[in-house]
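Engineer: Below is the file upload31.txt, which contains compact mmCIF, C-alpha atoms.
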# COMPACT_ATOMS: atom_id res chain seq x y z
CA ASN A 27 80.23 105.33 102.59
CA GLN A 28 78.77 102.05 101.44
CA ILE A 29 78.46 99.06 103.73
CA PHE A 30 78.74 95.60 102.25
CA SER A 31 78.00 92.36 104.03
CA PHE A 32 79.62 89.26 102.64
CA ARG A 33 79.33 85.74 103.88
CA LYS A 34 82.61 84.76 105.48
CA LYS A 35 82.94 81.59 103.46
CA ILE A 36 83.94 83.52 100.35
CA PHE A 37 87.05 84.78 102.09
CA HIS A 38 88.64 81.37 102.50
CA GLN A 39 87.19 79.46 99.57
CA ARG A 40 87.72 80.78 96.05
CA ILE A 41 84.23 80.20 94.72
CA ALA A 42 82.40 81.59 91.70
CA GLN A 43 80.84 84.98 92.32
CA ASP A 44 77.40 83.77 91.25
CA ASN A 45 77.48 81.19 94.05
CA ILE A 46 77.98 83.69 96.87
CA GLU A 47 74.29 83.88 97.72
CA LYS A 48 74.13 80.09 98.11
CA ASN A 49 76.39 80.19 101.15
CA THR A 50 74.80 80.41 104.55
CA ASN A 51 77.80 80.91 106.80
CA ILE A 52 78.18 83.67 109.39
CA MET A 53 78.25 87.12 107.85
CA THR A 54 80.98 89.69 108.29
CA THR A 55 80.51 93.40 107.65
CA ILE A 56 82.98 95.24 105.46
CA TYR A 57 82.96 99.00 105.42
CA ILE A 58 83.94 100.59 102.12
CA ASN A 59 85.71 103.83 103.00
CA ASN A 60 85.51 106.10 99.98
CA ASP A 61 86.67 109.02 102.12
CA PHE A 62 90.16 107.48 102.36
CA ASP A 63 91.02 107.92 98.70
CA PRO A 64 94.44 109.68 98.77
CA LYS A 65 93.51 111.54 95.60
CA LYS A 66 90.63 113.19 97.47
CA GLN A 67 92.18 113.57 100.93
CA LYS A 68 95.25 115.45 102.10
CA ILE A 69 97.72 114.43 104.76
CA ILE A 70 97.50 116.56 107.88
CA GLY A 71 100.86 118.18 108.54
CA ASN A 72 104.09 116.42 107.66
CA PRO A 73 104.37 113.50 110.09
CA LYS A 74 107.52 111.41 110.19
CA VAL A 75 107.28 107.75 109.26
CA SER A 76 109.72 105.16 110.59
CA ILE A 77 110.14 102.35 108.06
CA ILE A 78 111.26 99.27 109.98
CA ILE A 79 112.82 96.41 108.02
CA LEU A 80 113.95 93.11 109.53
CA THR A 81 116.51 91.04 107.66
CA ASN A 82 118.81 88.07 108.11
CA TYR A 83 120.62 89.15 104.95
CA LYS A 84 120.76 85.62 103.56
CA ARG A 85 119.46 87.07 100.29
CA PRO A 86 121.26 90.45 99.96
CA ASP A 87 119.52 91.13 96.64
CA LEU A 88 116.13 91.19 98.34
CA LEU A 89 117.07 93.93 100.78
CA HIS A 90 118.93 95.87 98.10
CA ASN A 91 115.91 95.87 95.78
CA CYS A 92 113.59 96.78 98.64
CA LEU A 93 115.70 99.81 99.57
CA LYS A 94 116.07 100.93 95.96
CA SER A 95 112.29 100.87 95.54
CA ILE A 96 111.77 102.89 98.74
CA ALA A 97 114.16 105.54 97.39
CA ASN A 98 111.58 106.40 94.72
CA SER A 99 108.89 107.27 97.27
CA SER A 100 107.19 110.60 96.69
CA TYR A 101 106.71 111.21 100.43
CA GLU A 102 109.98 112.45 101.88
CA ASN A 103 109.64 112.64 105.66
CA PHE A 104 110.70 109.17 106.71
CA GLU A 105 113.56 107.31 108.30
CA ILE A 106 114.75 103.75 107.69
CA ILE A 107 115.56 101.38 110.53
CA ILE A 108 117.16 98.06 109.60
CA LEU A 109 117.27 95.43 112.30
CA GLU A 110 119.33 92.34 111.53
CA ASN A 111 120.65 89.21 113.17
CA CYS A 112 123.05 88.35 110.37
CA SER A 113 125.54 85.62 111.28
CA GLN A 114 128.19 87.38 109.22
CA ILE A 115 129.36 90.98 109.33
CA PHE A 116 126.56 93.20 108.07
CA PRO A 117 127.88 95.49 105.28
CA ILE A 118 126.55 98.78 106.61
CA GLU A 119 128.50 100.96 104.21
CA LYS A 120 127.24 99.00 101.22
CA ILE A 121 123.67 99.22 102.49
CA LYS A 122 124.01 103.00 102.75
CA THR A 123 124.68 103.20 99.01
CA PHE A 124 121.05 102.23 98.45
CA ILE A 125 119.76 104.95 100.77
CA SER A 126 119.86 108.65 99.98
CA GLU A 127 122.10 110.69 102.29
CA SER A 128 119.10 112.89 103.08
CA ILE A 129 117.21 109.94 104.59
CA PRO A 130 117.92 109.22 108.28
CA PHE A 131 119.17 105.66 108.69
CA LYS A 132 119.57 103.50 111.78
CA HIS A 133 121.14 100.08 112.09
CA VAL A 134 120.15 97.75 114.94
CA PHE A 135 121.81 94.39 115.60
CA LEU A 136 120.32 91.65 117.76
CA LYS A 137 122.28 88.50 118.43
CA ASP A 138 119.23 86.70 119.84
CA ARG A 139 117.59 83.76 118.12
CA PHE A 140 115.03 85.01 115.62
CA ASN A 141 111.78 86.18 117.16
CA TYR A 142 109.87 88.44 114.78
CA SER A 143 107.73 89.97 117.52
CA LYS A 144 110.66 90.74 119.81
CA PHE A 145 112.70 92.17 116.95
CA ILE A 146 109.84 94.40 115.81
CA ASN A 147 109.24 95.65 119.35
CA THR A 148 112.95 96.40 119.77
CA ALA A 149 113.13 98.34 116.52
CA ALA A 150 109.96 100.28 117.33
CA LYS A 151 111.60 101.64 120.48
CA LYS A 152 114.37 103.13 118.31
CA ALA A 153 111.91 104.91 116.04
CA ASP A 154 111.55 108.69 115.99
CA GLY A 155 108.50 108.72 113.73
CA GLU A 156 104.90 109.34 114.76
CA TYR A 157 103.99 106.42 112.54
CA LEU A 158 105.62 103.00 112.27
CA LEU A 159 105.75 101.24 108.91
CA PHE A 160 106.66 97.57 109.19
CA LEU A 161 108.07 96.21 105.96
CA ASN A 162 109.44 92.84 104.88
CA ASP A 163 112.78 92.85 103.11
CA ASP A 164 111.28 90.73 100.32
CA THR A 165 108.94 93.50 99.19
CA GLU A 166 109.33 96.14 96.49
CA VAL A 167 107.35 99.35 96.23
CA ILE A 168 105.32 99.68 93.02
CA ALA A 169 103.25 102.83 93.68
CA ASN A 170 105.55 105.73 94.61
CA ASP A 171 102.79 107.39 96.65
CA TRP A 172 102.36 104.34 98.88
CA LEU A 173 103.24 106.23 102.06
CA GLU A 174 100.71 108.98 101.34
CA ALA A 175 98.03 106.36 100.69
CA MET A 176 98.69 104.72 104.04
CA LEU A 177 99.02 107.97 106.00
CA VAL A 178 95.65 109.24 104.74
CA CYS A 179 94.06 106.23 106.42
CA ALA A 180 96.32 106.00 109.47
CA GLN A 181 95.66 109.62 110.46
CA LYS A 182 91.98 108.88 111.05
CA LYS A 183 91.46 108.61 114.81
CA GLU A 184 89.35 105.47 114.49
CA VAL A 185 91.97 103.60 112.45
CA GLY A 186 94.38 101.28 114.25
CA VAL A 187 96.38 99.56 111.50
CA VAL A 188 96.61 100.10 107.74
CA GLY A 189 97.66 97.35 105.34
CA ALA A 190 98.75 97.53 101.71
CA LYS A 191 97.81 95.69 98.54
CA LEU A 192 100.51 93.11 97.86
CA LEU A 193 101.01 91.35 94.56
CA TYR A 194 103.01 88.30 93.60
CA PRO A 195 105.67 88.83 90.89
CA ASN A 196 103.20 87.41 88.33
CA GLY A 197 100.73 90.20 89.11
CA THR A 198 98.18 88.18 91.07
CA ILE A 199 97.03 89.28 94.52
CA GLN A 200 98.87 88.03 97.59
CA HIS A 201 97.09 90.25 100.14
CA ALA A 202 93.98 92.42 100.11
CA GLY A 203 93.22 92.14 103.80
CA ILE A 204 92.88 89.19 106.18
CA PHE A 205 89.67 87.62 107.42
CA LEU A 206 89.13 84.99 110.07
CA LYS A 207 87.98 81.60 108.89
CA ASN A 208 84.43 80.70 109.76
CA ASN A 209 84.11 77.93 112.35
CA GLU A 210 87.83 77.23 112.04
CA VAL A 211 91.05 78.24 113.71
CA GLY A 212 93.12 80.52 111.51
CA SER A 213 92.77 83.23 108.91
CA GLU A 214 93.06 83.72 105.17
CA HIS A 215 94.30 86.45 102.86
CA PHE A 216 91.37 87.84 100.94
CA GLY A 217 91.73 87.83 97.16
CA ARG A 218 94.78 85.58 97.05
CA PHE A 219 95.65 84.47 93.51
CA TYR A 220 93.03 86.71 91.91
CA PRO A 221 94.30 89.02 89.12
CA GLY A 222 95.75 92.23 90.49
CA ASN A 223 93.07 94.33 88.77
CA SER A 224 90.20 91.98 89.63
CA ASP A 225 86.67 93.42 89.87
CA SER A 226 85.37 90.36 91.74
CA PHE A 227 83.16 90.84 94.80
CA ASP A 228 81.83 94.20 93.61
CA GLY A 229 85.37 95.46 93.02
CA ILE A 230 86.16 95.51 96.75
CA MET A 231 89.84 94.70 96.13
CA LYS A 232 90.12 98.06 94.40
CA LYS A 233 88.58 99.94 97.32
CA VAL A 234 89.67 100.96 100.81
CA HIS A 235 87.87 98.64 103.20
CA THR A 236 87.89 97.27 106.71
CA CYS A 237 88.99 93.74 107.55
CA ASP A 238 89.78 91.56 110.54
CA ALA A 239 93.55 91.99 110.16
CA VAL A 240 96.33 92.86 107.73
CA THR A 241 99.75 91.36 107.20
CA PHE A 242 102.71 93.14 108.74
CA ALA A 243 104.68 92.42 105.58
CA CYS A 244 103.62 96.02 104.97
CA ALA A 245 101.57 97.74 107.65
CA MET A 246 101.37 101.18 109.23
CA VAL A 247 100.34 101.99 112.80
CA LYS A 248 100.55 105.06 115.00
CA LYS A 249 103.52 104.66 117.33
CA ASP A 250 101.53 105.66 120.39
CA VAL A 251 98.88 103.04 119.59
CA PHE A 252 101.54 100.37 119.10
CA GLU A 253 103.10 101.23 122.44
CA ARG A 254 99.81 101.51 124.29
CA PHE A 255 98.91 97.95 123.36
CA GLY A 256 102.33 96.58 124.24
CA GLY A 257 103.50 95.93 120.69
CA LEU A 258 103.51 92.42 119.29
CA ASN A 259 103.05 89.38 121.50
CA GLU A 260 106.57 87.98 121.87
CA ASP A 261 105.20 84.52 122.64
CA LEU A 262 104.18 84.44 118.97
CA LYS A 263 107.71 84.30 117.61
CA ILE A 264 107.09 83.93 113.88
CA LEU A 265 103.48 83.51 112.80
CA CYS A 266 100.13 85.11 113.67
CA ASN A 267 101.65 88.01 115.64
CA ASP A 268 100.24 90.55 113.18
CA VAL A 269 96.75 89.04 113.26
CA ASP A 270 96.88 88.88 117.05
CA PHE A 271 97.79 92.58 117.31
CA CYS A 272 95.01 93.60 114.93
CA LEU A 273 92.42 91.57 116.84
CA ARG A 274 93.55 92.95 120.20
CA ILE A 275 93.21 96.58 119.19
CA SER A 276 90.03 96.08 117.17
CA LYS A 277 88.32 94.80 120.31
CA THR A 278 88.71 98.30 121.74
CA GLY A 279 87.07 99.96 118.74
CA TYR A 280 89.94 100.59 116.36
CA ARG A 281 89.37 99.74 112.72
CA ILE A 282 91.76 97.70 110.62
CA ILE A 283 92.01 99.15 107.12
CA PHE A 284 93.21 97.82 103.77
CA THR A 285 94.13 100.32 101.04
CA PRO A 286 94.69 99.29 97.42
CA PHE A 287 96.42 102.61 96.73
CA ALA A 288 99.56 101.42 98.58
CA LEU A 289 100.79 98.88 96.07
CA LEU A 290 103.84 96.64 96.48
CA CYS A 291 105.23 93.37 95.20
CA HIS A 292 105.80 90.66 97.82
CA LEU A 293 107.88 87.57 97.19
CA GLU A 294 106.48 86.06 100.42
CA ALA A 295 108.90 84.18 102.68
CA MET A 296 111.79 84.37 100.21
CA SER A 297 114.01 86.03 102.84
CA ARG A 298 113.56 83.02 105.15
CA GLN A 299 115.16 80.67 102.64
The structure in this file should be written as structure tokens.
Structural biologist:
Amino acid sequence: NQIFSFRKKIFHQRIAQDNIEKNTNIMTTIYINNDFDPKKQKIIGNPKVSIIILTNYKRPDLLHNCLKSIANSSYENFEIIILENCSQIFPIEKIKTFISESIPFKHVFLKDRFNYSKFINTAAKKADGEYLLFLNDDTEVIANDWLEAMLVCAQKKEVGVVGAKLLYPNGTIQHAGIFLKNNEVGSEHFGRFYPGNSDSFDGIMKKVHTCDAVTFACAMVKKDVFERFGGLNEDLKILCNDVDFCLRISKTGYRIIFTPFALLCHLEAMSRQ
């Protein structure tokens, strides 16, 4: 495996590639994990994945399209858990029409005021899978083998969380991993607004690599790891809960991994509108 060191400034300022060496900010190490290519590695066993989707159902079309895209997944051993706090009656029977009868389905309702962390933690307790897959309802699966791509990484004992490559509807990158800003509070999505097939930064956005965090708009974690670390911090009700979780577990030695082989479209925050 190759090891690349990039200066952190390039992760939160979109600068020309030929200017990278001119930056003198603190360096971060990115490990390029060629061994995690799903075309070269096989999944061990047939572990069950619990796909957890939160929705307020204000945009029914978003959830419908998300579920229809999941139905085309090549990996078959998964269940779908939908947790909602819809102010109106949630049309369970209609929702089931978008889910194959062979796929286990659970519906969870919480009347509480929206708290993403609390809702995720509640849904995780209902999961039967060895692996939890957190998914926004404003995403659509592009690569049918997305679950295999994430499982290949998540099954490695040193891996804590696996994130996917997310594209905007126009094909540009929305997420290729998250890195902390240098000398600032906050974090930035690496590669944002670059073309989806960009070869910038030595083609790292096309390779499995480590990062500081990944977005839980689409992220996989072993259930036992999620439980051991107490799930998401419920004091962080909407933002930064995913980054916080990644940082907490990485401090104990777990790696946070981004895989470009799990490819989805993300409308980003559309379901909040």
Engineer: Work out how far atom CA of Tyr83 of chain A is from atom CA of Phe252 of chain A, in Å to one decimal.
Structural biologist: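 Atom CA of Tyr83 of chain A lies 26.3 Å from atom CA of Phe252 of chain A.
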Engineer: Which of these residues is nearest to Gln114 of chain A, using only C-alpha atoms: A:Phe284, A:Trp172, A:Tyr101, A:Phe135?
Structural biologist: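 Among the listed residues, A:Phe135 lies closest to Gln114 of chain A.
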Engineer: Measuring atom to atom with only C-alpha atoms, identify which of A:Leu289, A:Phe242, A:Ile282, A:Ala169 is nearest to Gly222 of chain A.
Structural biologist: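 Closest to Gly222 of chain A of all the choices is A:Leu289.
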Engineer: Could you tell me which of A:Tyr142, A:Tyr57, A:Tyr157, A:Tyr220 comes closest to Val247 of chain A if we count all atoms listed in the file?
Structural biologist: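 Using all atoms listed in the file, Val247 of chain A sits closest to A:Tyr157.
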Engineer: Grab the atom CA of Gly256 of chain A to atom CA of Lys137 of chain A distance for me, in Å with one decimal place.
Structural biologist: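 Computing it gives 22.3 Å between the two atoms.
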Engineer: Could you check the closest approach to Leu136 of chain A for each of A:Thr81, A:Asn267, A:Ser213, A:Thr165 and tell me which residue wins, using all atoms listed in the file?
Structural biologist: A:Thr81
Engineer: Identify the residues within 6 Å of coordinate (99.7, 110.7, 105.0) (same frame as the file), considering all atoms listed in the file, and give the answer as a ChimeraX atom specification.
Structural biologist: /A:69,174,177-178
Engineer: Keeping only C-alpha atoms, take the residues you just selected and write them out as a JSON list (two decimals), in the coordinates of the input.
Structural biologist:
[["chain", "number", "residue", "atom", "x", "y", "z"],
["A", 69, "ILE", "CA", 97.72, 114.43, 104.76],
["A", 174, "GLU", "CA", 100.71, 108.98, 101.34],
["A", 177, "LEU", "CA", 99.02, 107.97, 106.00],
["A", 178, "VAL", "CA", 95.65, 109.24, 104.74]]
Engineer: Using all atoms listed in the file, find the one residue out of A:Gly229, A:Gly189, A:Gly217, A:Gly257 that sits nearest to Leu290 of chain A.
Structural biologist: A:Gly189
Engineer: Which one is closest to Lys152 of chain A: A:Ile129, A:Val188, A:Ile118, A:Ile77? Count all atoms listed in the file.
Structural biologist: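 Closest to Lys152 of chain A, using all atoms listed in the file: A:Ile77.
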Engineer: Report as number ranges by chain all protein, DNA and RNA residues lying within 12 Å of Ile108 of chain A, evaluated on all atoms listed in the file, omitting residues in the same chain fewer than 3 positions from it.
Structural biologist: A: 76-83, 89-90, 92-93, 105, 111-112, 116-118, 121-122, 125, 130-136, 145-146, 148-150, 152-153, 159-163
Engineer: Excluding segment 230-238 of chain A and residues on its chain fewer than 5 positions from it, collect all residues at most 7 Å away from it, counting only C-alpha atoms, and give them as a ChimeraX atom specification.
Structural biologist: /A:56-60,62,202-206,273,281-286
Engineer: Can I get the selected residues back with C-alpha atoms, as a PDB file, in the frame of the given file?
Structural biologist:
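The result, stored in again.pdb:
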ATOM      1  CA  ILE A  56      82.980  95.240 105.460  1.00  0.00           C
ATOM      2  CA  TYR A  57      82.960  99.000 105.420  1.00  0.00           C
ATOM      3  CA  ILE A  58      83.940 100.590 102.120  1.00  0.00           C
ATOM      4  CA  ASN A  59      85.710 103.830 103.000  1.00  0.00           C
ATOM      5  CA  ASN A  60      85.510 106.100  99.980  1.00  0.00           C
ATOM      6  CA  PHE A  62      90.160 107.480 102.360  1.00  0.00           C
ATOM      7  CA  ALA A 202      93.980  92.420 100.110  1.00  0.00           C
ATOM      8  CA  GLY A 203      93.220  92.140 103.800  1.00  0.00           C
ATOM      9  CA  ILE A 204      92.880  89.190 106.180  1.00  0.00           C
ATOM     10  CA  PHE A 205      89.670  87.620 107.420  1.00  0.00           C
ATOM     11  CA  LEU A 206      89.130  84.990 110.070  1.00  0.00           C
ATOM     12  CA  LEU A 273      92.420  91.570 116.840  1.00  0.00           C
ATOM     13  CA  ARG A 281      89.370  99.740 112.720  1.00  0.00           C
ATOM     14  CA  ILE A 282      91.760  97.700 110.620  1.00  0.00           C
ATOM     15  CA  ILE A 283      92.010  99.150 107.120  1.00  0.00           C
ATOM     16  CA  PHE A 284      93.210  97.820 103.770  1.00  0.00           C
ATOM     17  CA  THR A 285      94.130 100.320 101.040  1.00  0.00           C
ATOM     18  CA  PRO A 286      94.690  99.290  97.420  1.00  0.00           C
TER      19      PRO A 286
END
Engineer: Using only C-alpha atoms, which residues sit within 9 Å of Phe219 of chain A once same-chain residues fewer than 5 positions away are excluded, as a ChimeraX atom specification?
Structural biologist: /A:193-194,197-201
Engineer: Do a neighbour search on Leu173 of chain A at 9 Å with only C-alpha atoms, toss out local chain neighbours closer than 6 positions, and write the hits as a PyMOL selection string.
Structural biologist: chain A and resi 75+99-101+159+246+288
